[in-house]
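So this one's target17.pdb, PDB, C-alpha atoms:
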```
ATOM      1  CA  MET A 107       5.695 195.733-211.499
ATOM      2  CA  SER A 108       4.607 192.574-209.711
ATOM      3  CA  LEU A 109       1.082 191.825-208.638
ATOM      4  CA  SER A 110       1.914 192.086-204.908
ATOM      5  CA  SER A 111       3.584 195.466-205.328
ATOM      6  CA  PHE A 112       0.568 196.648-207.322
ATOM      7  CA  PHE A 113      -1.814 195.786-204.462
ATOM      8  CA  SER A 114       0.642 197.126-201.886
ATOM      9  CA  SER A 115       0.386 200.526-203.504
ATOM     10  CA  PHE A 116      -3.357 200.595-202.625
ATOM     11  CA  LEU A 117      -3.377 198.675-199.355
ATOM     12  CA  THR A 118      -1.128 198.885-196.344
ATOM     13  CA  VAL A 119       0.794 195.795-195.339
ATOM     14  CA  VAL A 120       0.302 194.569-191.786
ATOM     15  CA  HIS A 121       2.567 192.032-190.139
ATOM     16  CA  ALA A 122       1.293 190.028-187.191
ATOM     17  CA  ASP A 123       4.608 190.100-185.325
ATOM     18  CA  ALA A 124       5.215 193.796-185.870
ATOM     19  CA  PRO A 125       4.908 196.030-182.770
ATOM     20  CA  GLU A 126       1.798 198.168-182.739
ATOM     21  CA  ASN A 127       2.429 201.724-183.796
ATOM     22  CA  GLU A 128       0.753 204.176-181.385
ATOM     23  CA  ALA A 129       0.530 206.870-184.039
ATOM     24  CA  SER A 130      -1.635 204.652-186.247
ATOM     25  CA  VAL A 131      -4.437 204.449-183.636
ATOM     26  CA  PRO A 132      -6.570 207.597-183.686
ATOM     27  CA  ALA A 133      -6.950 209.286-180.311
ATOM     28  CA  ASP A 134     -10.731 209.707-180.766
ATOM     29  CA  GLU A 135     -11.516 205.969-180.828
ATOM     30  CA  PRO A 136     -11.248 205.269-177.051
ATOM     31  CA  ALA A 137     -13.508 208.245-176.311
ATOM     32  CA  ALA A 138     -16.050 207.010-178.844
ATOM     33  CA  GLU A 139     -16.007 203.535-177.319
ATOM     34  CA  GLU A 140     -16.573 204.953-173.823
ATOM     35  CA  GLU A 141     -19.496 207.038-175.073
ATOM     36  CA  ALA A 142     -21.052 203.972-176.706
ATOM     37  CA  GLU A 143     -20.710 201.959-173.492
ATOM     38  CA  GLN A 144     -22.303 204.745-171.454
ATOM     39  CA  ALA A 145     -25.184 204.986-173.912
ATOM     40  CA  GLU A 146     -25.776 201.225-173.617
ATOM     41  CA  GLU A 147     -25.795 201.404-169.817
ATOM     42  CA  GLU A 148     -28.203 204.335-169.813
ATOM     43  CA  ALA A 149     -30.644 202.698-172.212
ATOM     44  CA  GLU A 150     -32.708 200.470-169.963
ATOM     45  CA  GLU A 151     -34.894 197.802-171.441
ATOM     46  CA  PRO A 152     -38.452 197.626-170.176
ATOM     47  CA  GLU A 153     -39.275 194.702-167.924
ATOM     48  CA  ASP A 154     -40.749 191.692-169.692
ATOM     49  CA  PRO A 155     -44.293 191.115-168.346
ATOM     50  CA  HIS A 156     -44.573 187.596-169.827
ATOM     51  CA  PRO A 157     -43.003 185.588-166.947
ATOM     52  CA  ILE A 158     -45.136 187.429-164.387
ATOM     53  CA  ILE A 159     -48.352 186.926-166.349
ATOM     54  CA  ARG A 160     -47.544 183.258-167.022
ATOM     55  CA  GLU A 161     -46.888 182.628-163.309
ATOM     56  CA  GLU A 162     -50.228 184.243-162.432
ATOM     57  CA  CYS A 163     -51.961 182.014-164.975
ATOM     58  CA  LYS A 164     -50.210 178.879-163.656
ATOM     59  CA  ASN A 165     -51.623 179.667-160.229
ATOM     60  CA  SER A 166     -55.116 180.540-161.509
ATOM     61  CA  ALA A 167     -58.128 178.375-160.638
ATOM     62  CA  LYS A 168     -58.242 177.018-164.179
ATOM     63  CA  CYS A 169     -54.584 175.929-164.422
ATOM     64  CA  SER A 170     -53.538 175.200-160.833
ATOM     65  CA  PRO A 171     -54.783 171.552-160.812
ATOM     66  CA  LEU A 172     -52.754 170.870-163.960
ATOM     67  CA  THR A 173     -49.739 172.614-162.472
ATOM     68  CA  ARG A 174     -49.891 170.521-159.287
ATOM     69  CA  HIS A 175     -50.335 167.301-161.290
ATOM     70  CA  PHE A 176     -47.339 168.157-163.487
ATOM     71  CA  GLU A 177     -45.146 169.036-160.488
ATOM     72  CA  HIS A 178     -46.134 165.776-158.746
ATOM     73  CA  CYS A 179     -45.202 163.814-161.866
ATOM     74  CA  GLN A 180     -41.852 165.646-162.137
ATOM     75  CA  GLU A 181     -41.040 164.862-158.490
ATOM     76  CA  LYS A 182     -41.947 161.203-158.982
ATOM     77  CA  VAL A 183     -39.805 160.871-162.113
ATOM     78  CA  SER A 184     -36.822 162.742-160.630
ATOM     79  CA  GLU A 185     -36.880 160.471-157.570
ATOM     80  CA  GLY A 186     -36.871 157.414-159.818
ATOM     81  CA  LYS A 187     -40.312 156.185-158.700
ATOM     82  CA  GLY A 188     -41.914 156.570-162.147
ATOM     83  CA  PHE A 189     -42.115 154.070-164.950
ATOM     84  CA  GLN A 190     -39.062 153.445-167.098
ATOM     85  CA  GLY A 191     -38.909 156.184-169.759
ATOM     86  CA  GLU A 192     -41.669 158.279-168.161
ATOM     87  CA  ASP A 193     -41.217 161.961-168.921
ATOM     88  CA  CYS A 194     -44.509 163.661-167.881
ATOM     89  CA  VAL A 195     -45.191 164.966-171.384
ATOM     90  CA  GLU A 196     -48.885 164.129-171.145
ATOM     91  CA  GLU A 197     -49.122 166.180-167.956
ATOM     92  CA  PHE A 198     -47.330 169.144-169.496
ATOM     93  CA  MET A 199     -49.672 171.994-168.621
ATOM     94  CA  MET A 200     -47.972 174.908-170.369
ATOM     95  CA  HIS A 201     -50.717 175.027-172.984
ATOM     96  CA  CYS A 202     -53.145 176.110-170.267
ATOM     97  CA  ALA A 203     -50.852 178.819-168.905
ATOM     98  CA  GLU A 204     -49.920 180.068-172.378
ATOM     99  CA  ALA A 205     -53.552 180.209-173.540
ATOM    100  CA  CYS A 206     -54.385 182.220-170.424
ATOM    101  CA  ALA A 207     -51.360 184.529-170.711
ATOM    102  CA  ALA A 208     -51.481 185.335-174.434
ATOM    103  CA  PRO A 209     -54.479 187.719-174.420
ATOM    104  CA  LYS A 210     -53.236 189.465-171.280
ATOM    105  CA  LEU A 211     -49.736 189.854-172.697
ATOM    106  CA  PHE A 212     -50.858 191.293-176.024
ATOM    107  CA  SER A 213     -53.206 193.731-174.330
ATOM    108  CA  LYS A 214     -50.227 195.099-172.366
ATOM    109  CA  LEU A 215     -48.050 195.367-175.466
ATOM    110  CA  LYS A 216     -50.472 197.623-177.328
TER     111      LYS A 216
END
```

Can the structure in the file be given as structure tokens, please?
Amino acid sequence: MSLSSFFSSFLTVVHADAPENEASVPADEPAAEEEAEQAEEEAEEPEDPHPIIREECKNSAKCSPLTRHFEHCQEKVSEGKGFQGEDCVEEFMMHCAEACAAPKLFSKLK
């Protein structure tokens, strides 16, 4: 008994070019797949409040001057009127919006 025939006795041999045998596919699988897809569609994820809270914080009295300064810098750089290599990193105001949004976000998640 050769090694390949030994393993063939335990495992089925599948050939890539062989036509698919309809009897080998259980009839319950397509129904199970449809049920899984329906369950995924029905399960709705709750809306993420973070983008909404962050936008409110960007427009707050504390962060709005930084937001306007950052947007002005971005416009200037994108139009090519800034200094060579300027990237507006120093004006990046996300730290203000994130510091404002974090406590509000975590209070909603509780």

**Report entry** Long-range neighbours of region 169-178 of chain A as JSON, numbers by chain, 12 Å cut-off, all atoms listed in the file, 5 positions minimum in chain
**Finding:** {"A": [160, 161, 162, 163, 164, 183, 184, 185, 187, 188, 193, 194, 195, 196, 197, 198, 199, 200, 201, 202, 203, 204, 205, 206, 207]}

Residues from last step as file, C-alpha atoms, as a PDB file, in the frame of the given file:
```
ATOM      1  CA  ARG A 160     -47.544 183.258-167.022  1.00  0.00           C
ATOM      2  CA  GLU A 161     -46.888 182.628-163.309  1.00  0.00           C
ATOM      3  CA  GLU A 162     -50.228 184.243-162.432  1.00  0.00           C
ATOM      4  CA  CYS A 163     -51.961 182.014-164.975  1.00  0.00           C
ATOM      5  CA  LYS A 164     -50.210 178.879-163.656  1.00  0.00           C
ATOM      6  CA  VAL A 183     -39.805 160.871-162.113  1.00  0.00           C
ATOM      7  CA  SER A 184     -36.822 162.742-160.630  1.00  0.00           C
ATOM      8  CA  GLU A 185     -36.880 160.471-157.570  1.00  0.00           C
ATOM      9  CA  LYS A 187     -40.312 156.185-158.700  1.00  0.00           C
ATOM     10  CA  GLY A 188     -41.914 156.570-162.147  1.00  0.00           C
ATOM     11  CA  ASP A 193     -41.217 161.961-168.921  1.00  0.00           C
ATOM     12  CA  CYS A 194     -44.509 163.661-167.881  1.00  0.00           C
ATOM     13  CA  VAL A 195     -45.191 164.966-171.384  1.00  0.00           C
ATOM     14  CA  GLU A 196     -48.885 164.129-171.145  1.00  0.00           C
ATOM     15  CA  GLU A 197     -49.122 166.180-167.956  1.00  0.00           C
ATOM     16  CA  PHE A 198     -47.330 169.144-169.496  1.00  0.00           C
ATOM     17  CA  MET A 199     -49.672 171.994-168.621  1.00  0.00           C
ATOM     18  CA  MET A 200     -47.972 174.908-170.369  1.00  0.00           C
ATOM     19  CA  HIS A 201     -50.717 175.027-172.984  1.00  0.00           C
ATOM     20  CA  CYS A 202     -53.145 176.110-170.267  1.00  0.00           C
ATOM     21  CA  ALA A 203     -50.852 178.819-168.905  1.00  0.00           C
ATOM     22  CA  GLU A 204     -49.920 180.068-172.378  1.00  0.00           C
ATOM     23  CA  ALA A 205     -53.552 180.209-173.540  1.00  0.00           C
ATOM     24  CA  CYS A 206     -54.385 182.220-170.424  1.00  0.00           C
ATOM     25  CA  ALA A 207     -51.360 184.529-170.711  1.00  0.00           C
TER      26      ALA A 207
END
```

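Restricting the calculation to all atoms listed in the file, the smallest distance between Leu211 (chain A) and any of A:Ile159, A:Phe116, A:Ser110, A:Glu140 is found for A:Ile159.
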
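Across the model, the gap from CA of Ile158 (chain A) to CA of Ser213 (chain A) is 14.3 Å.
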
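If you look at CA of Pro155 (chain A) and CA of Glu181 (chain A), they are 28.2 Å away from each other.
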
**Report entry** Pairwise distance for CA of Glu192 (chain A) and CA of Cys179 (chain A), rounded to one decimal in Å
**Finding:** 9.1 Å
